Amino acid sequence: MRLQIQRRSFLRSAAVALAAPALLSTLRNAQAATTLTLGHGAAPGNPRTVAAAKFAELVGQKTEGRVKINVAGAETLGSDSAMLTSLRTGALDFTANSQGATSALVPELSALGLPFLFATTEKAMSVLSGTIGRELDKRFEAIGIMPLDWWDNGVRHLTNSKRKVTTPAEVAGLKVRTPADPMTIDIFQALGASTEQIAFGELYIALQQGVVDGQENPLANIESSKLYEVNRFISLTAHKWESTPFLMSMIARARLGKDLEAVMAAAKEAGELQRSLSRDKATEVLTAFKGNAAVEVTEVDREAFVKATAPVADVWKQKPFGEFVAQVEAEARA
């Protein structure tokens with residue numbers, strides 16, 4: 001019996017000894033893993049949400065598990081502005097943020113939102129892939145942020161609870177929520193609306209309670225956040241295209257070392273997915289809205305809206321970075 005016990009003990013010890021190198025290797029890999037956090041404000045099902053999850057997956061694959069991305073969406077880490085502050089301090093590593101909030105840090109970014117500037121996302125990406133994109137990169141890096149890609153926040157449209165809107169005159173007098181984005185504020189004030197800045201996470205309740213009459217967002221956001229439930233009139237104003245800047249803290253960049261290129265490649269792949277999803281989602285949602293008896297979708301007099309908002313570009317060309325605004329406009333119209 002004693003010999004049998006000793007034999008079993010020996011076999012167990014041998015098994016542990018044989019497994020030890022693999023176990024130690026696993027522990028070392030786990031200890032060596034760099035864990036970073038990506039924050040965004042989109043709701044579940046939104047193209048931004050799907051692409052953020054894909055980015056995390058791709059980073060894990062491309063770095064062979066050396067880098068892990070935790071994703072926190074739906075403003076769980078705060079508003080877009082709060083996440084940008086966290087990004088600059090290193091408390092947050094990545095954010096798929098809003099153009100409006102980000103332009104508070106890099107005012108030149110607002111130029112991308114000139115009214116009726118980009119007819120398609122493809123044209124916007126073409127402009128951003130050249131000198132305009134490189135100039136923006138420099139301005140971001142000067143404040144400790146590295147742009148990884150330009151995701152698509154879509155073409156923005158107006159919704160409201162009061163009336164069908166087809167002309168600028170019908171916008172006048174509406175209380176419209178806009179993000180804290182000076183360009184969007186200027187556009188709607190040019191149309192005669194009064195504007196209120198309300199956090200996106202509070203927008204549904206604000207519309208439901210009548211704090212504001214309407215808001216403007218891409219169709220995907222209107223659908224995923226169910227804003228159509230409290231704003232039945234959907235007007236296809238297409239008044240501006242907007243990016244979703246996908247940003248990384250320079251502090252996080254320093255932590256990545258040799259894995260930086262893999263993370264950058266993952267961001268580009270996730271961006272291609274996000275833009276594709278955004279395009280498809282807009283088509284899908286528009287079809288659904290047109291078939292929904294509870295909402296009313298209307299086309300607008302585009303020429304009248306273009307004319308009414310034309311002075312906005314002139315005002316922005318007089319700003320300290322007006323030369324950059326003019327350059328963006330020239331390249332977009334080329």
# chains A, B, ... in the order shown; residues from 1 in each chain; ligands from 1
call {"tool": "select_by_dssp", "arguments": {"residues": "range 160-223 of chain A", "states": "strand (DSSP E or B)", "output": "ChimeraX atom specification"}}
result
/A:160,175-178,194-197,214-218
call {"tool": "residues_around", "arguments": {"residues": "range 36-50 of chain A", "least_positions_apart": "2", "cutoff": "9 Å", "atoms": "only C-alpha atoms", "output": "MDAnalysis selection string"}}
result
chainID A and resid 34 52:56 67:80 83 91:98 151:153 200:201 220:221 223:225 244 248 252 270 273:278 281
call {"tool": "write_last_selection", "arguments": {"atoms": "C-alpha atoms", "output": "short mmCIF file (atom, residue, chain, number, x, y, z; two decimals), in the first residue's frame"}}
result
data_model
loop_
_atom_site.label_atom_id
_atom_site.label_comp_id
_atom_site.auth_asym_id
_atom_site.auth_seq_id
_atom_site.Cartn_x
_atom_site.Cartn_y
_atom_site.Cartn_z
CA THR A 34 -1.66 45.51 -21.47
CA ALA A 52 -15.84 49.26 -31.16
CA ALA A 53 -16.39 45.62 -30.24
CA LYS A 54 -14.72 44.56 -33.50
CA PHE A 55 -11.73 46.79 -32.74
CA ALA A 56 -11.29 45.08 -29.37
CA VAL A 67 -3.15 43.90 -25.58
CA LYS A 68 -6.71 43.67 -24.29
CA ILE A 69 -9.34 46.32 -24.95
CA ASN A 70 -12.24 46.82 -22.57
CA VAL A 71 -15.16 48.61 -24.25
CA ALA A 72 -17.56 50.85 -22.32
CA GLY A 73 -20.41 52.30 -24.41
CA ALA A 74 -23.67 54.21 -23.94
CA GLU A 75 -21.94 57.02 -21.99
CA THR A 76 -21.10 54.72 -19.07
CA LEU A 77 -17.82 56.64 -18.74
CA GLY A 78 -19.51 60.02 -19.05
CA SER A 79 -20.39 62.38 -21.85
CA ASP A 80 -18.26 62.81 -24.96
CA MET A 83 -14.34 61.19 -22.09
CA ALA A 91 -7.60 57.93 -17.44
CA LEU A 92 -9.08 56.71 -20.75
CA ASP A 93 -7.10 55.21 -23.62
CA PHE A 94 -9.41 55.36 -26.66
CA THR A 95 -12.67 57.04 -27.56
CA ALA A 96 -14.96 56.95 -30.58
CA ASN A 97 -16.18 60.46 -29.94
CA SER A 98 -18.37 63.14 -31.51
CA TRP A 151 -15.45 56.92 -38.48
CA ASP A 152 -18.76 57.93 -40.02
CA ASN A 153 -21.39 59.59 -37.86
CA PHE A 200 -27.20 62.91 -25.72
CA GLY A 201 -27.95 60.50 -22.88
CA ALA A 220 -28.91 55.41 -37.17
CA ASN A 221 -28.79 57.42 -33.93
CA GLU A 223 -33.34 54.72 -34.51
CA SER A 224 -30.98 53.15 -31.97
CA SER A 225 -31.90 55.67 -29.27
CA THR A 244 -16.77 60.18 -35.46
CA MET A 248 -6.08 57.41 -28.79
CA ALA A 252 -1.66 54.93 -24.22
CA ALA A 270 -12.76 48.51 -37.59
CA LEU A 273 -16.55 48.06 -40.93
CA GLN A 274 -18.08 51.04 -39.15
CA ARG A 275 -18.43 53.09 -42.32
CA SER A 276 -19.97 50.16 -44.17
CA LEU A 277 -22.41 49.51 -41.33
CA SER A 278 -23.27 53.19 -41.10
CA LYS A 281 -27.90 51.19 -41.47
#
call {"tool": "residues_around", "arguments": {"residues": "Lys268 in chain A", "least_positions_apart": "2", "cutoff": "9 Å", "atoms": "only C-alpha atoms", "output": "list in words"}}
result
Phe55, Leu148, Asp149, Trp150, Val263, Met264, Ala265, Ala266, Ala270, Gly271, Glu272 and Leu273 of chain A
call {"tool": "residues_around", "arguments": {"residues": "Ala313 in chain A", "least_positions_apart": "4", "cutoff": "8 Å", "atoms": "only C-alpha atoms", "output": "list in words"}}
result
Leu114, Pro115, Thr309 and Lys317 of chain A
call {"tool": "residues_around", "arguments": {"residues": "Gly144 in chain A", "least_positions_apart": "3", "cutoff": "8 Å", "atoms": "only C-alpha atoms", "output": "list in words"}}
result
Arg88, Phe140, Glu141, Ser249, Met250 and Ile251 of chain A
call {"tool": "write_last_selection", "arguments": {"atoms": "all heavy atoms", "output": "short mmCIF file (atom, residue, chain, number, x, y, z; two decimals), in the first residue's frame"}}
result
data_model
loop_
_atom_site.label_atom_id
_atom_site.label_comp_id
_atom_site.auth_asym_id
_atom_site.auth_seq_id
_atom_site.Cartn_x
_atom_site.Cartn_y
_atom_site.Cartn_z
N ARG A 88 -7.18 62.87 -22.33
CA ARG A 88 -5.99 63.74 -22.24
C ARG A 88 -5.20 63.49 -20.95
O ARG A 88 -3.99 63.69 -20.93
CB ARG A 88 -6.41 65.20 -22.33
CG ARG A 88 -7.02 65.56 -23.68
CD ARG A 88 -7.31 67.04 -23.77
NE ARG A 88 -6.07 67.81 -23.88
CZ ARG A 88 -6.02 69.14 -23.79
NH1 ARG A 88 -7.14 69.83 -23.58
NH2 ARG A 88 -4.88 69.78 -23.92
N PHE A 140 -4.10 67.67 -33.25
CA PHE A 140 -4.45 66.72 -32.19
C PHE A 140 -3.21 66.32 -31.38
O PHE A 140 -3.25 66.26 -30.15
CB PHE A 140 -5.11 65.47 -32.77
CG PHE A 140 -6.60 65.61 -32.98
CD1 PHE A 140 -7.13 65.86 -34.22
CD2 PHE A 140 -7.47 65.50 -31.90
CE1 PHE A 140 -8.49 66.00 -34.41
CE2 PHE A 140 -8.83 65.63 -32.07
CZ PHE A 140 -9.36 65.88 -33.33
N GLU A 141 -2.15 66.01 -32.07
CA GLU A 141 -0.93 65.57 -31.37
C GLU A 141 -0.39 66.65 -30.45
O GLU A 141 0.21 66.36 -29.42
CB GLU A 141 0.11 65.12 -32.40
CG GLU A 141 -0.29 63.80 -33.07
CD GLU A 141 0.64 63.39 -34.21
OE1 GLU A 141 1.68 64.07 -34.38
OE2 GLU A 141 0.32 62.42 -34.91
N SER A 249 -5.17 58.23 -26.72
CA SER A 249 -4.30 59.05 -25.89
C SER A 249 -2.84 58.79 -26.24
O SER A 249 -2.44 57.64 -26.46
CB SER A 249 -4.56 58.73 -24.41
OG SER A 249 -3.52 59.24 -23.61
N MET A 250 -2.04 59.83 -26.27
CA MET A 250 -0.61 59.65 -26.50
C MET A 250 0.04 58.90 -25.33
O MET A 250 1.08 58.26 -25.50
CB MET A 250 0.07 61.01 -26.70
CG MET A 250 -0.40 61.75 -27.94
SD MET A 250 0.05 60.93 -29.49
CE MET A 250 1.71 61.54 -29.70
N ILE A 251 -0.59 58.96 -24.17
CA ILE A 251 -0.11 58.20 -23.02
C ILE A 251 -0.29 56.71 -23.29
O ILE A 251 0.60 55.90 -23.02
CB ILE A 251 -0.86 58.62 -21.74
CG1 ILE A 251 -0.57 60.09 -21.43
CG2 ILE A 251 -0.48 57.73 -20.55
CD1 ILE A 251 -1.44 60.68 -20.34
#
call {"tool": "residues_around", "arguments": {"residues": "Ala293 in chain A", "least_positions_apart": "2", "cutoff": "12 Å", "atoms": "only C-alpha atoms", "output": "list in words"}}
result
Tyr228, Glu229, Arg232, Phe233, Ala288, Phe289, Lys290, Gly291, Val295, Glu296 and Val297 of chain A
call {"tool": "write_last_selection", "arguments": {"atoms": "N, CA, C and O atoms", "output": "compact mmCIF listing (two decimals), in the first residue's frame"}}
result
# COMPACT_ATOMS: atom_id res chain seq x y z
N TYR A 228 -37.43 58.63 -32.41
CA TYR A 228 -38.65 58.73 -33.21
C TYR A 228 -39.91 58.48 -32.38
O TYR A 228 -41.01 58.89 -32.78
N GLU A 229 -39.77 57.84 -31.22
CA GLU A 229 -40.93 57.60 -30.37
C GLU A 229 -41.48 58.91 -29.78
O GLU A 229 -42.66 59.00 -29.47
N ARG A 232 -42.17 62.49 -33.91
CA ARG A 232 -42.74 61.73 -35.03
C ARG A 232 -42.46 62.35 -36.39
O ARG A 232 -42.55 61.67 -37.42
N PHE A 233 -42.11 63.63 -36.45
CA PHE A 233 -41.84 64.27 -37.74
C PHE A 233 -40.34 64.20 -38.05
O PHE A 233 -39.52 64.79 -37.35
N ALA A 288 -37.39 51.55 -43.01
CA ALA A 288 -38.25 51.22 -41.88
C ALA A 288 -39.10 52.41 -41.46
O ALA A 288 -40.31 52.27 -41.18
N PHE A 289 -38.51 53.58 -41.42
CA PHE A 289 -39.26 54.79 -41.02
C PHE A 289 -40.38 55.09 -42.03
O PHE A 289 -41.49 55.46 -41.65
N LYS A 290 -40.07 54.93 -43.32
CA LYS A 290 -41.07 55.21 -44.34
C LYS A 290 -42.25 54.24 -44.27
O LYS A 290 -43.36 54.56 -44.70
N GLY A 291 -41.98 53.04 -43.72
CA GLY A 291 -43.04 52.06 -43.58
C GLY A 291 -43.73 52.08 -42.23
O GLY A 291 -44.61 51.26 -41.96
N VAL A 295 -44.71 57.45 -37.70
CA VAL A 295 -43.84 58.59 -37.97
C VAL A 295 -44.13 59.12 -39.37
O VAL A 295 -44.71 58.43 -40.21
N GLU A 296 -43.73 60.36 -39.60
CA GLU A 296 -43.94 60.98 -40.91
C GLU A 296 -42.61 61.47 -41.45
O GLU A 296 -41.98 62.36 -40.86
N VAL A 297 -42.17 60.88 -42.54
CA VAL A 297 -40.89 61.23 -43.16
C VAL A 297 -41.15 62.15 -44.34
O VAL A 297 -41.98 61.84 -45.21
call {"tool": "closest_residue", "arguments": {"among": "A:Asn292, A:Ser243, A:Thr166, A:Gln61", "to": "Leu128 in chain A", "atoms": "only C-alpha atoms"}}
result
A:Ser243
call {"tool": "closest_residue", "arguments": {"among": "A:Ala111, A:Ser161, A:Ala330, A:Pro182", "to": "Gln209 in chain A", "atoms": "only C-alpha atoms"}}
result
A:Ser161
call {"tool": "decode", "arguments": {"residues": "range 41-56 of chain A", "atoms": "C-alpha atoms", "output": "mmCIF file, in the first residue's frame"}}
result
data_model
loop_
_atom_site.group_PDB
_atom_site.id
_atom_site.type_symbol
_atom_site.label_atom_id
_atom_site.label_comp_id
_atom_site.auth_asym_id
_atom_site.auth_seq_id
_atom_site.Cartn_x
_atom_site.Cartn_y
_atom_site.Cartn_z
ATOM 1 C CA GLY A 41 -21.580 57.162 -26.189
ATOM 2 C CA ALA A 42 -23.557 55.073 -28.692
ATOM 3 C CA ALA A 43 -26.431 52.748 -27.844
ATOM 4 C CA PRO A 44 -26.391 48.973 -28.414
ATOM 5 C CA GLY A 45 -26.827 48.059 -32.078
ATOM 6 C CA ASN A 46 -25.386 51.346 -33.325
ATOM 7 C CA PRO A 47 -22.607 50.957 -35.962
ATOM 8 C CA ARG A 48 -20.230 52.694 -33.549
ATOM 9 C CA THR A 49 -20.961 50.072 -30.895
ATOM 10 C CA VAL A 50 -20.466 47.163 -33.283
ATOM 11 C CA ALA A 51 -17.209 48.591 -34.650
ATOM 12 C CA ALA A 52 -15.841 49.262 -31.160
ATOM 13 C CA ALA A 53 -16.391 45.621 -30.245
ATOM 14 C CA LYS A 54 -14.722 44.559 -33.500
ATOM 15 C CA PHE A 55 -11.735 46.786 -32.740
ATOM 16 C CA ALA A 56 -11.285 45.079 -29.374
#
